[in-house]
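For reference, final_18.txt is printed below; it contains compact mmCIF, C-alpha atoms.
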```
# COMPACT_ATOMS: atom_id res chain seq x y z
CA MET O 1 -13.51 48.17 -3.15
CA ARG O 2 -12.72 48.00 0.54
CA TRP O 3 -13.84 44.39 0.60
CA HIS O 4 -11.23 43.09 -1.81
CA PRO O 5 -8.88 41.38 0.68
CA LEU O 6 -11.76 39.46 2.23
CA VAL O 7 -13.03 38.40 -1.17
CA ALA O 8 -9.53 37.19 -1.99
CA ILE O 9 -9.39 35.12 1.20
CA VAL O 10 -12.78 33.55 0.57
CA LEU O 11 -11.79 32.71 -3.00
CA LEU O 12 -8.51 31.28 -1.75
CA LEU O 13 -10.42 29.00 0.61
CA GLN O 14 -12.20 27.56 -2.41
CA VAL O 15 -8.90 26.70 -4.03
CA ILE O 16 -7.16 25.16 -1.01
CA PRO O 17 -8.98 21.78 -0.97
CA VAL O 18 -8.04 21.14 -4.61
CA TRP O 19 -4.48 22.21 -4.07
CA ALA O 20 -4.12 20.15 -0.87
CA PHE O 21 -5.15 16.92 -2.60
CA ALA O 22 -3.07 17.42 -5.73
CA GLY O 23 -0.03 15.81 -4.04
CA PRO O 24 -0.22 12.00 -4.34
CA SER O 25 0.44 10.66 -7.80
CA TYR O 26 -1.45 7.41 -7.15
CA PRO O 27 -5.19 7.27 -7.67
CA LYS O 28 -7.39 7.14 -4.60
CA LEU O 29 -10.15 4.83 -5.73
CA GLU O 30 -13.71 5.65 -4.69
CA TYR O 31 -15.69 3.07 -6.66
CA TYR O 32 -15.33 -0.63 -7.42
CA VAL O 33 -14.43 0.07 -11.04
CA THR O 34 -12.26 2.96 -12.21
CA ASP O 35 -11.58 3.22 -15.92
CA GLN O 36 -9.14 6.02 -16.62
CA VAL O 37 -8.72 5.04 -20.26
CA GLY O 38 -12.30 4.60 -21.40
CA VAL O 39 -12.21 1.01 -22.64
CA LEU O 40 -15.44 0.19 -20.78
CA THR O 41 -18.91 1.57 -21.38
CA VAL O 42 -21.08 2.74 -18.50
CA ASN O 43 -23.14 -0.45 -18.75
CA ASP O 44 -19.96 -2.58 -18.69
CA ILE O 45 -18.96 -0.86 -15.49
CA TYR O 46 -22.39 -1.45 -13.93
CA ASP O 47 -22.19 -5.17 -14.73
CA ILE O 48 -18.75 -5.54 -13.15
CA GLU O 49 -19.70 -3.43 -10.14
CA ASP O 50 -22.73 -5.67 -9.57
CA LEU O 51 -20.36 -8.60 -9.06
CA CYS O 52 -18.13 -6.59 -6.72
CA LEU O 53 -21.19 -5.50 -4.74
CA GLU O 54 -22.38 -9.08 -4.43
CA VAL O 55 -19.02 -10.13 -2.99
CA ASP O 56 -18.97 -7.10 -0.68
CA ASN O 57 -22.49 -7.79 0.58
CA GLY O 58 -21.84 -11.49 1.10
CA THR O 59 -18.40 -11.38 2.68
CA GLY O 60 -17.39 -7.76 3.26
CA CYS O 61 -14.41 -8.34 0.94
CA GLU O 62 -13.77 -5.49 -1.48
CA ILE O 63 -12.74 -6.04 -5.10
CA ALA O 64 -11.49 -2.99 -6.97
CA VAL O 65 -10.74 -2.72 -10.69
CA LEU O 66 -8.46 -0.03 -12.08
CA ILE O 67 -7.62 0.53 -15.73
CA VAL O 68 -4.81 2.96 -16.45
CA ASN O 69 -2.93 3.95 -19.56
CA THR O 70 0.53 3.48 -18.06
CA THR O 71 2.17 2.69 -14.73
CA GLN O 72 5.52 4.21 -15.66
CA PRO O 73 7.91 5.14 -14.16
CA ASP O 74 7.03 2.90 -11.21
CA GLY O 75 6.08 -0.28 -12.99
CA ILE O 76 2.88 -2.16 -12.38
CA ASP O 77 4.01 -3.92 -9.17
CA LEU O 78 4.80 -0.77 -7.23
CA PHE O 79 1.91 1.14 -8.75
CA ALA O 80 -0.53 -1.54 -7.58
CA VAL O 81 0.88 -1.62 -4.05
CA LYS O 82 0.81 2.17 -3.74
CA THR O 83 -2.71 2.46 -5.16
CA PHE O 84 -3.84 -0.24 -2.74
CA GLU O 85 -2.20 1.65 0.12
CA GLU O 86 -3.67 4.98 -0.97
CA SER O 87 -7.21 3.63 -1.39
CA GLY O 88 -7.28 1.20 1.55
CA ILE O 89 -9.08 -1.55 -0.36
CA GLY O 90 -10.66 -4.03 2.06
CA LYS O 91 -11.90 -3.50 5.59
CA GLU O 92 -9.58 -2.08 8.21
CA GLY O 93 -7.96 -4.77 10.34
CA LEU O 94 -9.20 -7.55 8.05
CA ASP O 95 -7.27 -6.46 4.96
CA ASN O 96 -9.72 -8.37 2.79
CA GLY O 97 -9.34 -6.38 -0.40
CA LEU O 98 -8.22 -7.19 -3.92
CA LEU O 99 -7.10 -4.96 -6.77
CA LEU O 100 -7.25 -5.96 -10.42
CA MET O 101 -5.11 -3.56 -12.42
CA ILE O 102 -4.71 -3.30 -16.16
CA SER O 103 -2.21 -1.06 -17.90
CA VAL O 104 -3.44 -0.63 -21.45
CA SER O 105 -0.38 0.78 -23.20
CA GLU O 106 2.06 -1.54 -21.44
CA LYS O 107 -0.26 -4.50 -22.08
CA MET O 108 0.15 -5.75 -18.54
CA TRP O 109 -2.15 -6.85 -15.77
CA ARG O 110 -1.61 -7.31 -12.07
CA ILE O 111 -3.81 -8.70 -9.33
CA GLU O 112 -2.76 -7.45 -5.90
CA VAL O 113 -4.17 -9.47 -3.01
CA GLY O 114 -4.69 -8.00 0.49
CA TYR O 115 -3.06 -9.64 3.49
CA GLY O 116 -6.38 -11.10 4.63
CA LEU O 117 -7.06 -12.87 1.31
CA GLU O 118 -3.59 -14.35 0.77
CA GLY O 119 -4.78 -17.69 2.20
CA ILE O 120 -7.84 -17.96 -0.05
CA LEU O 121 -6.14 -16.62 -3.16
CA PRO O 122 -2.49 -17.71 -3.31
CA PRO O 123 -0.47 -16.48 -6.30
CA ILE O 124 -0.78 -19.74 -8.24
CA LYS O 125 -4.58 -19.67 -8.07
CA VAL O 126 -4.76 -15.98 -8.98
CA ASN O 127 -2.41 -16.53 -11.90
CA GLN O 128 -4.45 -19.49 -13.12
CA ILE O 129 -7.70 -17.55 -13.02
CA ALA O 130 -6.14 -14.65 -14.92
CA GLU O 131 -4.47 -16.88 -17.51
CA ASP O 132 -7.76 -18.65 -18.21
CA ASN O 133 -10.18 -15.73 -18.03
CA LEU O 134 -8.34 -12.46 -18.42
CA GLU O 135 -5.51 -12.87 -20.90
CA PRO O 136 -7.46 -14.50 -23.76
CA PHE O 137 -9.97 -11.62 -23.82
CA LEU O 138 -7.45 -8.85 -23.29
CA GLU O 139 -5.46 -10.15 -26.25
CA GLU O 140 -8.53 -9.50 -28.41
CA GLY O 141 -9.04 -6.09 -26.84
CA ASN O 142 -12.19 -7.35 -25.10
CA TYR O 143 -11.66 -5.72 -21.74
CA TYR O 144 -15.25 -6.10 -20.63
CA GLU O 145 -15.51 -9.87 -20.78
CA GLY O 146 -11.99 -10.42 -19.50
CA ILE O 147 -12.59 -8.33 -16.42
CA LEU O 148 -16.14 -9.61 -15.89
CA TYR O 149 -15.16 -13.29 -15.91
CA THR O 150 -12.01 -12.73 -13.86
CA VAL O 151 -13.91 -10.81 -11.20
CA ALA O 152 -16.61 -13.50 -11.27
CA PHE O 153 -14.12 -16.31 -10.66
CA LEU O 154 -12.14 -14.41 -8.05
CA GLY O 155 -15.40 -13.42 -6.37
CA GLU O 156 -16.63 -17.00 -6.36
CA GLU O 157 -13.45 -18.15 -4.63
CA ILE O 158 -13.96 -15.47 -2.00
CA LEU O 159 -17.68 -16.20 -1.54
CA ASP O 160 -16.99 -19.93 -1.17
CA ASN O 161 -14.02 -19.69 1.15
CA TRP O 162 -14.17 -16.50 3.21
CA ASP O 163 -14.66 -17.49 6.85
CA GLY O 164 -13.75 -14.20 8.53
CA PRO O 165 -16.23 -11.72 9.94
CA VAL O 166 -18.56 -10.04 7.45
CA GLU O 167 -18.08 -6.36 8.07
CA LYS O 168 -20.14 -3.67 6.47
CA GLU O 169 -18.74 -0.30 5.56
CA LYS O 170 -19.39 2.21 8.29
CA GLU O 171 -21.24 4.90 6.38
CA PRO O 172 -20.97 8.32 7.95
CA TRP O 173 -24.31 9.79 8.89
CA TYR O 174 -25.30 12.86 6.92
CA PRO O 175 -27.87 15.29 8.29
CA ILE O 176 -29.21 15.95 4.79
CA PRO O 177 -29.44 12.58 3.01
CA PHE O 178 -28.68 13.71 -0.53
CA ILE O 179 -25.76 15.97 0.42
CA PRO O 180 -22.73 14.00 1.56
CA LEU O 181 -21.57 16.47 4.24
CA LEU O 182 -21.24 15.97 7.98
CA TRP O 183 -22.67 18.50 10.45
CA TRP O 184 -19.49 20.51 10.83
CA GLN O 185 -18.80 20.50 7.08
CA LEU O 186 -22.35 21.71 6.50
CA LEU O 187 -21.80 24.47 9.04
CA ILE O 188 -18.62 25.62 7.28
CA VAL O 189 -20.39 25.66 3.93
CA VAL O 190 -23.25 27.72 5.36
CA LEU O 191 -20.87 30.16 7.05
CA ILE O 192 -18.80 30.64 3.91
CA ALA O 193 -21.96 31.00 1.87
CA LEU O 194 -23.18 33.67 4.26
CA ALA O 195 -19.82 35.45 4.19
CA VAL O 196 -19.71 35.46 0.41
CA PHE O 197 -23.32 36.51 0.26
CA VAL O 198 -22.66 39.48 2.54
CA VAL O 199 -19.39 40.42 0.86
CA THR O 200 -20.64 40.31 -2.68
CA GLY O 201 -24.07 41.55 -1.94
CA GLY O 202 -25.63 38.26 -3.01
CA ARG O 203 -24.13 38.05 -6.48
CA VAL O 204 -21.85 35.03 -6.01
CA LEU O 205 -23.48 31.75 -5.04
CA PHE O 206 -21.98 29.21 -7.40
CA PHE O 207 -18.86 28.31 -5.46
CA ALA O 208 -19.87 25.45 -3.15
CA GLY O 209 -19.32 22.65 -5.66
CA GLY O 210 -15.68 22.06 -4.76
CA LEU O 211 -16.49 21.31 -1.16
CA PHE O 212 -18.76 18.40 -2.01
CA LYS O 213 -15.87 16.28 -3.19
CA GLY O 214 -14.52 13.57 -0.91
CA GLY O 215 -17.62 13.07 1.18
CA GLY O 216 -18.68 9.44 1.42
CA GLY O 217 -17.72 6.45 -0.71
CA GLY O 218 -14.30 4.92 -0.89
CA PHE O 219 -12.89 1.77 0.62
CA GLY O 220 -12.43 0.64 4.18
CA GLY O 221 -8.71 0.93 5.01
CA GLY O 222 -7.34 -2.52 4.08
CA ARG O 223 -3.68 -3.22 3.32
CA SER O 224 -1.71 -5.48 1.02
CA GLY O 225 1.85 -6.73 0.97
CA GLY O 226 2.69 -7.44 -2.64
CA SER O 227 1.13 -10.90 -2.90
CA GLY O 228 -0.64 -11.82 -6.10
CA ALA O 229 0.27 -12.35 -9.72
CA ARG O 230 0.92 -10.41 -12.88
CA GLY O 231 1.35 -11.03 -16.55
CA ARG O 232 1.32 -9.72 -20.10
CA PHE O 233 -1.30 -9.90 -22.77
CA MET V 1 9.33 46.50 52.30
CA GLN V 2 12.64 45.61 50.74
CA MET V 3 12.50 42.14 52.24
CA LYS V 4 9.06 41.68 50.74
CA ALA V 5 10.14 42.77 47.26
CA GLY V 6 13.07 40.37 47.43
CA ALA V 7 10.75 37.54 48.43
CA THR V 8 8.39 38.32 45.54
CA ILE V 9 11.25 38.27 43.07
CA GLY V 10 12.43 35.04 44.61
CA ILE V 11 9.02 33.42 44.28
CA ALA V 12 8.67 34.67 40.71
CA ALA V 13 12.09 33.27 39.85
CA ALA V 14 11.20 29.96 41.48
CA VAL V 15 7.94 29.79 39.50
CA VAL V 16 9.77 30.53 36.24
CA VAL V 17 12.41 27.89 36.97
CA PHE V 18 9.72 25.42 37.97
CA LEU V 19 7.80 26.10 34.73
CA ILE V 20 10.93 25.67 32.63
CA ILE V 21 11.70 22.36 34.33
CA LEU V 22 8.09 21.22 33.94
CA ILE V 23 7.89 22.10 30.28
CA SER V 24 11.22 20.52 29.42
CA THR V 25 10.30 17.36 31.35
CA ILE V 26 7.01 17.05 29.50
CA TRP V 27 8.78 17.70 26.21
CA THR V 28 11.48 15.11 27.00
CA ILE V 29 8.89 12.49 27.89
CA SER V 30 6.84 13.08 24.77
CA THR V 31 9.90 13.08 22.51
CA TYR V 32 11.15 9.90 24.17
CA ASN V 33 7.78 8.24 23.60
CA LYS V 34 7.77 9.33 19.97
CA LEU V 35 11.21 7.79 19.46
CA VAL V 36 10.13 4.57 21.16
CA LYS V 37 7.12 4.41 18.87
CA LEU V 38 9.30 4.95 15.80
CA GLU V 39 11.69 2.25 16.95
CA GLU V 40 8.82 -0.14 17.45
CA GLY V 41 7.61 0.67 13.95
CA VAL V 42 11.01 -0.22 12.55
CA ASP V 43 11.14 -3.48 14.52
CA GLY V 44 7.63 -4.39 13.45
CA LYS V 45 8.44 -3.84 9.80
CA TRP V 46 11.65 -5.82 10.14
CA ALA V 47 9.66 -8.72 11.58
CA GLN V 48 7.42 -8.49 8.52
CA VAL V 49 10.46 -8.60 6.22
CA GLU V 50 11.71 -11.71 8.03
CA ASN V 51 8.28 -13.20 7.79
CA VAL V 52 8.05 -12.94 4.01
CA TYR V 53 11.68 -13.98 3.68
CA GLN V 54 10.78 -17.13 5.54
CA TYR V 55 8.17 -17.90 2.82
CA LYS V 56 10.96 -17.79 0.30
CA ILE V 57 13.22 -20.05 2.36
CA ASP V 58 10.29 -22.46 2.71
CA LEU V 59 9.85 -22.51 -1.07
CA ILE V 60 13.40 -23.73 -1.71
CA PRO V 61 13.00 -27.49 -1.00
CA GLN V 62 9.93 -27.55 -3.26
CA LEU V 63 11.81 -25.59 -5.90
CA VAL V 64 14.76 -27.98 -5.86
CA THR V 65 12.61 -31.14 -6.07
CA THR V 66 10.54 -29.69 -8.89
CA VAL V 67 13.33 -28.48 -11.15
CA GLU V 68 16.11 -30.99 -10.48
CA GLY V 69 14.60 -33.37 -13.03
CA TYR V 70 15.24 -30.92 -15.85
CA GLN V 71 18.73 -30.74 -17.22
CA GLU V 72 18.36 -27.10 -18.21
CA PHE V 73 18.91 -26.14 -14.59
CA GLU V 74 22.49 -26.47 -13.45
CA SER V 75 22.75 -28.98 -10.63
CA SER V 76 25.55 -26.98 -8.99
CA THR V 77 23.16 -24.04 -8.61
CA LEU V 78 20.59 -26.26 -6.94
CA VAL V 79 23.16 -27.71 -4.52
CA ASN V 80 24.32 -24.19 -3.77
CA ILE V 81 20.77 -23.01 -3.03
CA THR V 82 20.13 -25.88 -0.64
CA ALA V 83 23.37 -25.15 1.18
CA LEU V 84 22.57 -21.46 1.44
CA ARG V 85 19.14 -22.26 2.84
CA SER V 86 20.66 -24.36 5.67
CA ARG V 87 23.19 -21.64 6.39
CA TRP V 88 20.44 -19.02 6.49
CA MET V 89 18.45 -21.06 8.99
CA GLU V 90 21.51 -21.59 11.21
CA ALA V 91 22.27 -17.88 11.19
CA SER V 92 18.86 -17.01 12.62
CA ASP V 93 20.31 -14.73 15.31
CA ASP V 94 22.82 -12.93 13.16
CA GLU V 95 21.16 -10.27 11.02
CA GLU V 96 24.33 -9.27 9.15
CA GLU V 97 25.11 -12.87 8.25
CA GLN V 98 21.51 -13.46 7.14
CA LEU V 99 21.62 -10.39 4.95
CA ASP V 100 24.82 -11.60 3.32
CA ILE V 101 23.42 -15.07 2.71
CA SER V 102 20.16 -13.69 1.39
CA ASN V 103 22.06 -11.69 -1.21
CA GLN V 104 23.92 -14.79 -2.38
CA LEU V 105 20.66 -16.69 -2.43
CA ASP V 106 19.05 -14.01 -4.56
CA THR V 107 21.85 -14.23 -7.11
CA ALA V 108 21.42 -18.00 -7.35
CA LEU V 109 17.63 -17.73 -7.66
CA ARG V 110 18.07 -15.10 -10.32
CA SER V 111 19.98 -17.56 -12.47
CA ILE V 112 17.19 -20.12 -12.06
CA ILE V 113 14.58 -17.58 -13.15
CA LEU V 114 16.75 -16.62 -16.14
CA THR V 115 17.03 -20.26 -17.15
CA TYR V 116 13.25 -20.57 -16.92
CA GLU V 117 12.75 -17.47 -19.05
CA ASN V 118 15.19 -18.67 -21.70
CA TYR V 119 13.67 -22.12 -22.23
CA PRO V 120 10.08 -21.97 -23.51
CA ASN V 121 9.74 -25.74 -23.08
CA LEU V 122 10.11 -25.25 -19.32
CA GLN V 123 7.34 -22.69 -19.36
CA SER V 124 4.88 -25.28 -20.60
CA ILE V 125 5.45 -27.51 -17.58
CA GLN V 126 2.69 -26.66 -15.12
CA ALA V 127 4.58 -27.54 -11.92
CA VAL V 128 7.60 -25.45 -12.94
CA SER V 129 5.60 -22.44 -14.05
CA ASP V 130 3.47 -22.57 -10.87
CA LEU V 131 6.65 -22.48 -8.84
CA MET V 132 7.92 -19.49 -10.76
CA VAL V 133 4.64 -17.66 -10.08
CA SER V 134 5.10 -18.34 -6.35
CA LEU V 135 8.70 -17.25 -6.47
CA GLU V 136 7.87 -14.09 -8.39
CA SER V 137 5.13 -13.24 -5.90
CA VAL V 138 7.34 -13.81 -2.87
CA GLU V 139 10.06 -11.65 -4.40
CA ASN V 140 7.51 -8.89 -4.85
CA GLN V 141 6.30 -9.31 -1.27
CA ILE V 142 9.87 -9.02 -0.02
CA LYS V 143 10.35 -5.92 -2.13
CA VAL V 144 7.22 -4.33 -0.69
CA GLU V 145 8.03 -5.16 2.95
CA ARG V 146 11.60 -4.00 2.44
CA MET V 147 10.36 -0.71 1.04
CA ARG V 148 8.07 -0.24 4.06
CA TYR V 149 10.88 -1.15 6.45
CA ASN V 150 13.14 1.41 4.78
CA GLU V 151 10.41 4.05 5.03
CA GLU V 152 10.17 3.44 8.80
CA VAL V 153 13.96 3.56 9.13
CA ARG V 154 14.01 6.85 7.25
CA ASP V 155 11.41 8.33 9.62
CA LEU V 156 13.35 7.21 12.70
CA ASN V 157 16.73 8.36 11.38
CA THR V 158 15.37 11.74 10.37
CA LYS V 159 13.79 12.28 13.79
CA ILE V 160 16.95 11.22 15.62
CA LYS V 161 19.09 13.68 13.67
CA GLN V 162 16.73 16.62 14.03
CA PHE V 163 17.28 19.30 16.64
CA PRO V 164 16.09 19.32 19.41
CA ALA V 165 15.05 15.62 19.40
CA VAL V 166 18.71 14.78 18.89
CA ILE V 167 19.35 15.70 22.56
CA VAL V 168 16.87 13.11 23.81
CA ALA V 169 18.09 10.57 21.29
CA ASN V 170 21.69 10.94 22.42
CA THR V 171 20.83 10.95 26.13
CA PHE V 172 18.81 7.74 25.94
CA GLY V 173 20.98 6.04 23.37
CA PHE V 174 18.63 5.86 20.37
CA GLU V 175 20.66 4.89 17.36
CA GLU V 176 20.21 5.25 13.63
CA ARG V 177 19.17 2.05 11.89
CA SER V 178 20.61 0.84 8.63
CA TYR V 179 18.60 0.54 5.45
CA PHE V 180 17.98 -2.86 3.93
CA GLU V 181 19.55 -2.89 0.48
CA SER V 182 19.37 -5.88 -1.78
CA ASN V 183 21.09 -6.66 -5.04
CA PHE V 184 18.07 -8.58 -6.25
CA ALA V 185 15.79 -6.52 -8.38
CA PRO V 186 13.38 -8.64 -10.42
CA ASP V 187 12.71 -6.98 -13.73
CA ASN V 188 9.31 -6.73 -15.26
CA PRO V 189 8.69 -9.84 -17.33
```

Conversion result in C-alpha cells:
Amino acid sequence: MRWHPLVAIVLLLQVIPVWAFAGPSYPKLEYYVTDQVGVLTVNDIYDIEDLCLEVDNGTGCEIAVLIVNTTQPDGIDLFAVKTFEESGIGKEGLDNGLLLMISVSEKMWRIEVGYGLEGILPPIKVNQIAEDNLEPFLEEGNYYEGILYTVAFLGEEILDNWDGPVEKEKEPWYPIPFIPLLWWQLLIVVLIALAVFVVTGGRVLFFAGGLFKGGGGGFGGGRSGGSGARGRF
Amino acid sequence: MQMKAGATIGIAAAVVVFLIILISTIWTISTYNKLVKLEEGVDGKWAQVENVYQYKIDLIPQLVTTVEGYQEFESSTLVNITALRSRWMEASDDEEEQLDISNQLDTALRSIILTYENYPNLQSIQAVSDLMVSLESVENQIKVERMRYNEEVRDLNTKIKQFPAVIVANTFGFEERSYFESNFAPDNP
C-alpha cells in the first residue's frame, strides 16, 4: 500500500499525452486521405493515396484529402485554412501543399492551395477542375470517383508544371525500425516500464500503447493563405 | 578587525548590486528583443495583407471590362469602383485613408457579387463566373491574412500591457497596434 502515490504518478504520466493533445479542434492530418465520415472504403483510400504518393515522389508536393461531417461553426473556408495550418501540408519553406476538403452534411467542398502552388493552380483552374470532376460525382453520392478524378487532374497539373526543388520528407531515424520512437523516447518508455514493473511487481505491462502515438508520419510544415476555390454539390 | 568586516560587507553589497544590475540588464535586453520580434511579426503580416489587397486592386480593371457589357450591373457602381481604385493607389502612404477606401470598395464589390448571385443568366457566362471565382478567392485570402495580422497584433498588444514587460515597452516607446476590422464579410454561397 505504501507504493500508491508512485503508482498514481506513473498512471498520471500515461494520461498526460492524451490530455495535452486534446486542445486543438482542427484535425492534424497524418495521412494523404482522412475520411472521418466513412464514405470511402479502405481500397478507395488506397487508390487515392497512390495518386498522392505519385505526386509526392515526383515533385515533393503534398496533396491531402479530408472528409468531415460538418465544418460548423467555422465554415468551410476557415476550417480548411486552420486544418492546413495545423497539419502543415506541403514542405516547409516551399509551401507546396494542397488540401481537398469535403463536408458531407453541408454538401460543400473546398480546395485550399498552399502559397507555393498558387502560381500553378490559380482559383479559376482549381474551380474548373472541381466543377468538371468533383461536383458531378458528389451529386450522385459517388465520393470515390469524384475525389479520385479531381486528385488525378490536380496532380497532373502539379506534375506537369512544378519547377521548384523536389524535396523528400525528412524521416526521423528510429533505432528500432518497426517502433516509431526516437532514442530518448525509447529510453523514457524503458524507464517507465522498469518503474512500473518494480512498483507493481511485474503485473502491469500493458500501458505503453499511448506513447506510440505521434511518432512519424504527417506532413512537412507547409502553409497556405486562403487561395483556392469552393462550391456546393 | 572592524575595518575588515566593514570591507567584507562593502564587497558583498557591491556584488549584490552588481548582480542586480546585471540581471536586470539582461532581462531588459531580452524583453526588448522579444518586443522587436513581435513588432516585426506584425509588420510582416501587414505587408502580407497589403500584398493580397493589391491582387484585388489589380483585378478591378479586368472586372470592369468584363461586366460592363451586361446591363444587370449598374454602371454607376462600376464608375465608382474605378474611382476608388485610383484613390486607393494614390493613398499608398496613408494607411488610415487606404483602410477607409478599402471599406467603401468592399461595399461596392459586394453589390456586384449580389447582382451576380441574383441573375442566373450571368452565372452561365464563363468570363463572368471565372472573375467571380477569382474575386471570391482573393476575398478569402484577404480574410485569412487579416486574421493572421490580427493574431500578431493581439500577441504584441498583450505583451506590451503585461507587467513587467510594460516597463520596457514604455521606456523604449513600443506602442499598441490597432486591429484591422473590415465591414466586408463574404457569406458562404

Quiz item: Between atom CA of Ile45 of chain O and atom CA of Leu159 of chain O, what is the distance, to one decimal in Å?
Solution: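 Taking atom CA of Ile45 of chain O as the start and atom CA of Leu159 of chain O as the end point, the length is 20.8 Å.
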
Quiz item: Around (22.5, -14.1, -6.1) in the file's own coordinates, what residues are found within 12 Å if you use all atoms listed in the file, given back as number ranges by chain?
Solution: V: 77, 80-81, 84, 99-114, 182-186

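Set the cut-off at 8 Å, count only C-alpha atoms, and the residues of chain V near chain O turn out to be Asp130, Leu131, Val133, Ser134, Glu136, Ser137, Val138, Asn140, Gln141, Ile142, Lys143, Val144, Glu145, Asn188 and Pro189 of chain V.
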
For the selection just defined, write its residues with C-alpha atoms to a file, as a short mmCIF file (atom, residue, chain, number, x, y, z; two decimals), keeping the file's coordinate frame.
```
data_model
loop_
_atom_site.label_atom_id
_atom_site.label_comp_id
_atom_site.auth_asym_id
_atom_site.auth_seq_id
_atom_site.Cartn_x
_atom_site.Cartn_y
_atom_site.Cartn_z
CA ASP V 130 3.47 -22.57 -10.87
CA LEU V 131 6.65 -22.48 -8.84
CA VAL V 133 4.64 -17.66 -10.08
CA SER V 134 5.10 -18.34 -6.35
CA GLU V 136 7.87 -14.09 -8.39
CA SER V 137 5.13 -13.24 -5.90
CA VAL V 138 7.34 -13.81 -2.87
CA ASN V 140 7.51 -8.89 -4.85
CA GLN V 141 6.30 -9.31 -1.27
CA ILE V 142 9.87 -9.02 -0.02
CA LYS V 143 10.35 -5.92 -2.13
CA VAL V 144 7.22 -4.33 -0.69
CA GLU V 145 8.03 -5.16 2.95
CA ASN V 188 9.31 -6.73 -15.26
CA PRO V 189 8.69 -9.84 -17.33
#
```

Quiz item: Please, what distance in Å, to one decimal, runs between atom CA of Tyr143 of chain O and atom CA of Gly114 of chain O?
Solution: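 It comes out at 23.4 Å.
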
Exercise. Find the residues near Trp46 of chain V: any atom within 7 Å, counting only C-alpha atoms, skip ones fewer than 4 places away on the same chain, and give them as a list of chain:residue names.
Key: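 The residues that qualify are V:Val42, V:Glu50, V:Tyr149.
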
Quiz item: In Å to one decimal, how far is atom CA of Phe73 of chain V from atom CA of Leu122 of chain V?
Solution: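 Value for the atom CA of Leu122 of chain V-atom CA of Phe73 of chain V distance: 10.0 Å.
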
Quiz item: What's the 8 Å shell around segment 63-70 of chain O, counting only C-alpha atoms, without same-chain residues fewer than 6 positions away, as a count of residues only?
Solution: 24

Quiz prompt | For Pro136 of chain O, the nearest of the candidates O:Phe233, O:Asn57, O:Gly119, O:Gly38, counting all atoms listed in the file | solution =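 Distance minimum relative to Pro136 of chain O lands on O:Phe233.
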
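Shortest atom-to-atom contact with Gln62 of chain V among V:Leu135, V:Ile11, V:Ala91, V:Val17: V:Leu135, counting all atoms listed in the file.
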
Counting only C-alpha atoms, which residues in segment 34-138 of chain O sit no more than 7 Å from segment 146-149 of chain O? For each one, give the nearest pair of atoms and the distance in Å, sorted by chain then residue number, as a Markdown table.
```
| residue | atom | partner | partner_atom | distance |
| --- | --- | --- | --- | --- |
| O:Ile48 | CA | O:Leu148 | CA | 5.6 |
| O:Asn133 | CA | O:Gly146 | CA | 5.8 |
| O:Leu134 | CA | O:Gly146 | CA | 4.3 |
| O:Phe137 | CA | O:Gly146 | CA | 4.9 |
| O:Leu138 | CA | O:Gly146 | CA | 6.1 |
```

Using only the atoms of segment 30-37 of chain V listed in the file, plus 5 Å on each side, state the axis-aligned box centre and edge lengths in Å rounded to one decimal, as lines of an AutoDock Vina configuration file.
```
center_x = 9.0
center_y = 8.7
center_z = 21.8
size_x = 14.4
size_y = 18.7
size_z = 15.9
```

Residues near segment 161-176 of chain V, cut-off 7 Å, all atoms listed in the file, skip fewer than 6 positions along chain, as a PDB file with C-alpha atoms, keeping the file's coordinate frame:
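Dumped to result.pdb:
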```
ATOM      1  CA  THR V  28      11.480  15.110  27.000  1.00  0.00           C
ATOM      2  CA  THR V  31       9.900  13.080  22.510  1.00  0.00           C
ATOM      3  CA  TYR V  32      11.150   9.900  24.170  1.00  0.00           C
TER       4      TYR V  32
END
```

Self-check item: Radius query 6 Å about (-9.0, -15.6, -9.0), atoms used: only C-alpha atoms, as a ChimeraX atom specification
Solution: /O:126,129,153-154
